[in-house]
Amino acid sequence: MQKILGKATRDAYGETLVEIGKMNSDVVVLDADLSKSTKSALFSEKFQERFFNVGIQEANLVGVAAGLASCGKIPFISSFASFLVSKGFDQFRMSVAFSELNVKVVGSHGGITVGEDGASQMSIEDIALMTSLPGFVVMVPSDEISTRTLVLETAKHLGPVYIRTGRPKAPVVHKAGTDFKIGKGVRLREGKDLTIIANGLEVFEALEAAERLAEDGISASVIDMHTVKPLDTDLILEEARRTGHILVAEEHQIWGGLGSAIATFLAKKHPCKMGFVAIQDTFAESGRAEELLEKYGLTHPHIIKAAKKILGR
Amino acid sequence: MSFPSIQISQGIHNLMEKLSVEQLKAKAKLVRRHIVEMTGAAASGHPGGSLSATEMLVALYFNLMDHNPQDPQWPDRDRLILSKGHASPALYAALAESGYFDPKTLTDFRKLGSPLQGHPDRRRLPGVEASTGSLGQGLSMGIGMALARRLDKKNYYTYVITSDGEMNEGQTWEAAAMAAHHKVDHLIAFLDYNKFQLDDSTKNICDMEPVVEKWKAFRWHTLEIDGHDVKQILHAAEKAKKIKDQPVMIIAHTVKGKGVSFMEGNNAFHGVAPTREQVEKALKELS
C-alpha cells in the first residue's frame, strides 16, 4: 500500500477546533501549558477570550472544565494523554463521568510513537482507563480525515468524550468524504479468511499487512474501529461470523484496550479464533517512532505473523 | 450551529425571601436537628463536619443566594458547591427547608434508591450543583462556573464550602493559583476550619498553618470570621461580593460538632452517627 503521509491527528484536531469555535460560541478550550503541542493553540489565536491556559495542572484543568460544562459551555480540554488521563483521572471519574457533564477530552501524543521523549511521555494505558468510566465515549482516530469528522461529531454529541490523538504525521487511510459516526467502525477492505480490527496508526499497518497477506493467498478484512466505546458490536459480529478469525491491532497496552473489549464481546456472542497485536505489558523507551513500532511488535510484519498464526499457516 | 448542551430551566423566577439574623439562627437550629435525625436514622454519615458548616449553609440558602427551588436550573441563580461532600446532611437539610423537596424524606438519607446519597449526587437530587465526596474537587468546579459567568456576562455568584482537611489535597492549590492568575471574581469560598480531619486534629495530621497567610500568598482576597456567627458570615459575604478581579476565601473558624454538647470538639463524631439515645439527647439540647 502506498504510504501517503497526511497531517498528524493532533494537527487535524487543532484545525477542526477553530472551525467548531466559529460555529458555536459556547465552545471553550482549555489546555495545561502544552497548547503548542496539542494544537489547541490554534484556537487560542482566534478566540482568546474563550481559551484558558491553566498552567501545568491537570486535575484542576478537568475540574474547571466540569464547572464550565455545568453552565452549558462545551469545553474541549487538551494535554498530553499520558499526563491528562493519569493525573486527571479522579476528576474525570467524579467531576465529569459521575456528574454526567459534557466535557470533551483530547489527549495528544498517545501511544509509543511519541518517540524520542521516552516512556514517561507515552500514554499506553489511556484507553483502559477512560473506557472504565461509565458514559464516556472513547475514540482513537487513524488519520486527519477521520479526525476532522470525529472531532466535529464530538461537539455535536451530548456527553463526555475522550479522543486520543498522535504526535507523528499519520498515513492517510481514508478517502475524503467518508462518513464517520461515533460508534460505527469503517470497513476499509473486505476479505473472507480473517478480519483485522485496528485503530490509530495501526490501521495503516493493518492495510499494509492485508496487502502482503493477499500475495500469500490470504484474504483479510480491515476495519478502522476508531471508537472503542461504544463498540460497534454489529460490525464485529458480522465479521466474526463471516471470517471466523479476528485479529486486533492497537498502539496500547494489551491489558484493557480495544482487543480486550472485542474479546469480551465475542466470548459472549461468537467465540472464535483471536489474535492480539499490542504492547505486551511493558513500558517502551526513547527512539524514533518507526523503530519503536518495530521493537514493540506493532508493525505490519508482526500483524502478518499473528494473522498466519491464528489461521494455522 | 447549535450543539446540544444541558441547561433546562423552567423559566420561573420568583426568588426566596431573605431571612433576618434571628430567623437564620432559628433555621440553623432546625438544620442541626435534621442532621442529628438523618445520621441517627441512617446509622452512618458525618455529623461533626455537618454541624460545623451549618451556619454557612443556612446563611447562603436563606439569605445570601438568589435561587429558586421551583426552578433549580434557572441560569441566573447563585451556585453553591459543597466541596466537603461528607457534610451532605447539612446541605440536604438546607435544600429541604428551602423547598427543593419534602423535609419528611430527609430520613431516607443513605437508603437504597433515595436521592439523598451518602455524598451529594447532582444527577439524583435537584438543587445539588456538584457531585462531591472525593476531596479537593470543588474549587476547580467553582472556577469553571465563575468563568462561565464571565463569558455569559451574568451577575451570579459561585460559592464553595471547602475545609481545612481539603487543604491537604494538591488540587486545592492548583485551583488556588489558577483562580488568582485568571482574576476569577464572583467566586467566594468559605473554609470550614473546624480543626479536625478523620484521623485526628489537623495539627497532628498535616498542619496547614499559617492558613490565612497561605491564601493571601496565593493572591486570594482573604477574610477571617467566626463561622458560627451569622452576622459575621453575612457581613463577610457582602464584602466579598464587592471584590473585583480576585477570588475570595473566607476562613471561618468553627467547632466540629457545634450545637450538641457531647459532639463539640469530639472527633469521634467525624464519621460515626449518634445512637438512638444520643439522638434524643441531642434533640433535647436543640429544642
# chains A, B, ... in the order shown; residues from 1 in each chain; ligands from 1
call {"tool": "residues_around", "arguments": {"residues": "Ile205 of chain B", "least_positions_apart": "4", "cutoff": "10 Å", "atoms": "only C-alpha atoms", "output": "MDAnalysis selection string"}}
result
chainID B and resid 165 168 196:201
call {"tool": "closest_atom_pairs", "arguments": {"of": "chain B", "to": "chain A", "cutoff": "7 Å", "atoms": "only C-alpha atoms", "output": "JSON lines"}}
result
{"residue": "B:Met1", "atom": "CA", "partner": "A:Met23", "partner_atom": "CA", "distance": 5.2}
{"residue": "B:Ser2", "atom": "CA", "partner": "A:Asn24", "partner_atom": "CA", "distance": 6.3}
{"residue": "B:Phe3", "atom": "CA", "partner": "A:Lys156", "partner_atom": "CA", "distance": 5.0}
{"residue": "B:Pro4", "atom": "CA", "partner": "A:Leu158", "partner_atom": "CA", "distance": 5.7}
{"residue": "B:Ser5", "atom": "CA", "partner": "A:Gly72", "partner_atom": "CA", "distance": 5.5}
{"residue": "B:Ile6", "atom": "CA", "partner": "A:Gly72", "partner_atom": "CA", "distance": 5.6}
{"residue": "B:Gln7", "atom": "CA", "partner": "A:Gly72", "partner_atom": "CA", "distance": 5.7}
{"residue": "B:Arg122", "atom": "CA", "partner": "A:Ser99", "partner_atom": "CA", "distance": 6.5}
{"residue": "B:Arg123", "atom": "CA", "partner": "A:Ser99", "partner_atom": "CA", "distance": 6.6}
{"residue": "B:Ser131", "atom": "CA", "partner": "A:Ser99", "partner_atom": "CA", "distance": 5.9}
{"residue": "B:Gln137", "atom": "CA", "partner": "A:Gly63", "partner_atom": "CA", "distance": 6.4}
{"residue": "B:Ser140", "atom": "CA", "partner": "A:Gly63", "partner_atom": "CA", "distance": 4.7}
{"residue": "B:Met141", "atom": "CA", "partner": "A:Gly67", "partner_atom": "CA", "distance": 4.1}
{"residue": "B:Gly142", "atom": "CA", "partner": "A:Gly67", "partner_atom": "CA", "distance": 6.0}
{"residue": "B:Ile143", "atom": "CA", "partner": "A:Val64", "partner_atom": "CA", "distance": 5.7}
{"residue": "B:Gly144", "atom": "CA", "partner": "A:Gly67", "partner_atom": "CA", "distance": 4.0}
{"residue": "B:Met145", "atom": "CA", "partner": "A:Gly67", "partner_atom": "CA", "distance": 4.7}
{"residue": "B:Leu147", "atom": "CA", "partner": "A:Leu68", "partner_atom": "CA", "distance": 7.0}
{"residue": "B:Ala148", "atom": "CA", "partner": "A:Leu68", "partner_atom": "CA", "distance": 5.5}
{"residue": "B:Gln171", "atom": "CA", "partner": "A:Asn60", "partner_atom": "CA", "distance": 5.9}
{"residue": "B:Glu174", "atom": "CA", "partner": "A:Asn60", "partner_atom": "CA", "distance": 5.9}
{"residue": "B:Ala175", "atom": "CA", "partner": "A:Asn60", "partner_atom": "CA", "distance": 5.7}
{"residue": "B:Met178", "atom": "CA", "partner": "A:Val54", "partner_atom": "CA", "distance": 5.9}
call {"tool": "select_by_dssp", "arguments": {"residues": "segment 124-156 of chain B", "states": "helix (DSSP H, G or I)", "output": "ChimeraX atom specification"}}
result
/B:138-152
call {"tool": "write_last_selection", "arguments": {"atoms": "C-alpha atoms", "output": "short mmCIF file (atom, residue, chain, number, x, y, z; two decimals), in the first residue's frame"}}
result
data_model
loop_
_atom_site.label_atom_id
_atom_site.label_comp_id
_atom_site.auth_asym_id
_atom_site.auth_seq_id
_atom_site.Cartn_x
_atom_site.Cartn_y
_atom_site.Cartn_z
CA GLY B 138 -15.00 21.68 44.47
CA LEU B 139 -12.89 24.80 44.00
CA SER B 140 -11.98 23.78 40.44
CA MET B 141 -15.61 23.30 39.52
CA GLY B 142 -16.41 26.62 41.15
CA ILE B 143 -13.79 28.33 38.98
CA GLY B 144 -15.44 26.82 35.91
CA MET B 145 -18.84 28.16 36.94
CA ALA B 146 -17.37 31.59 37.65
CA LEU B 147 -15.62 31.66 34.25
CA ALA B 148 -18.89 30.70 32.54
CA ARG B 149 -20.49 33.66 34.31
CA ARG B 150 -17.79 35.96 32.99
CA LEU B 151 -18.21 34.67 29.43
CA ASP B 152 -22.00 34.97 29.61
#
call {"tool": "select_by_dssp", "arguments": {"residues": "segment 74-195 of chain B", "states": "strand (DSSP E)", "output": "list in words"}}
result
Arg79, Leu80, Ile81, Leu82, Thr158, Tyr159, Val160, Ile161, Thr162, Ser163, Leu187, Ile188, Ala189, Phe190, Leu191, Asp192 and Tyr193 of chain B
call {"tool": "residues_around", "arguments": {"residues": "Arg276 of chain B", "least_positions_apart": "2", "cutoff": "12 Å", "atoms": "only C-alpha atoms", "output": "PDB file with C-alpha atoms, in the first residue's frame"}}
result
ATOM      1  CA  VAL B  36     -28.844  14.577  64.060  1.00  0.00           C
ATOM      2  CA  GLU B  37     -32.033  12.787  62.964  1.00  0.00           C
ATOM      3  CA  MET B  38     -30.716  11.917  59.498  1.00  0.00           C
ATOM      4  CA  THR B  39     -27.408  10.477  60.617  1.00  0.00           C
ATOM      5  CA  GLY B  40     -29.157   8.721  63.506  1.00  0.00           C
ATOM      6  CA  ALA B  41     -31.732   7.148  61.158  1.00  0.00           C
ATOM      7  CA  ALA B  42     -29.028   6.142  58.674  1.00  0.00           C
ATOM      8  CA  ALA B  43     -26.798   4.852  61.485  1.00  0.00           C
ATOM      9  CA  ALA B 273     -23.603   8.523  63.722  1.00  0.00           C
ATOM     10  CA  PRO B 274     -25.242   9.131  67.089  1.00  0.00           C
ATOM     11  CA  GLN B 278     -27.658  10.187  71.692  1.00  0.00           C
ATOM     12  CA  VAL B 279     -30.139  11.408  69.063  1.00  0.00           C
ATOM     13  CA  GLU B 280     -32.748  12.018  71.755  1.00  0.00           C
ATOM     14  CA  LYS B 281     -30.272  13.771  73.991  1.00  0.00           C
ATOM     15  CA  ALA B 282     -29.075  15.965  71.117  1.00  0.00           C
ATOM     16  CA  LEU B 283     -32.617  16.860  70.039  1.00  0.00           C
TER      17      LEU B 283
END
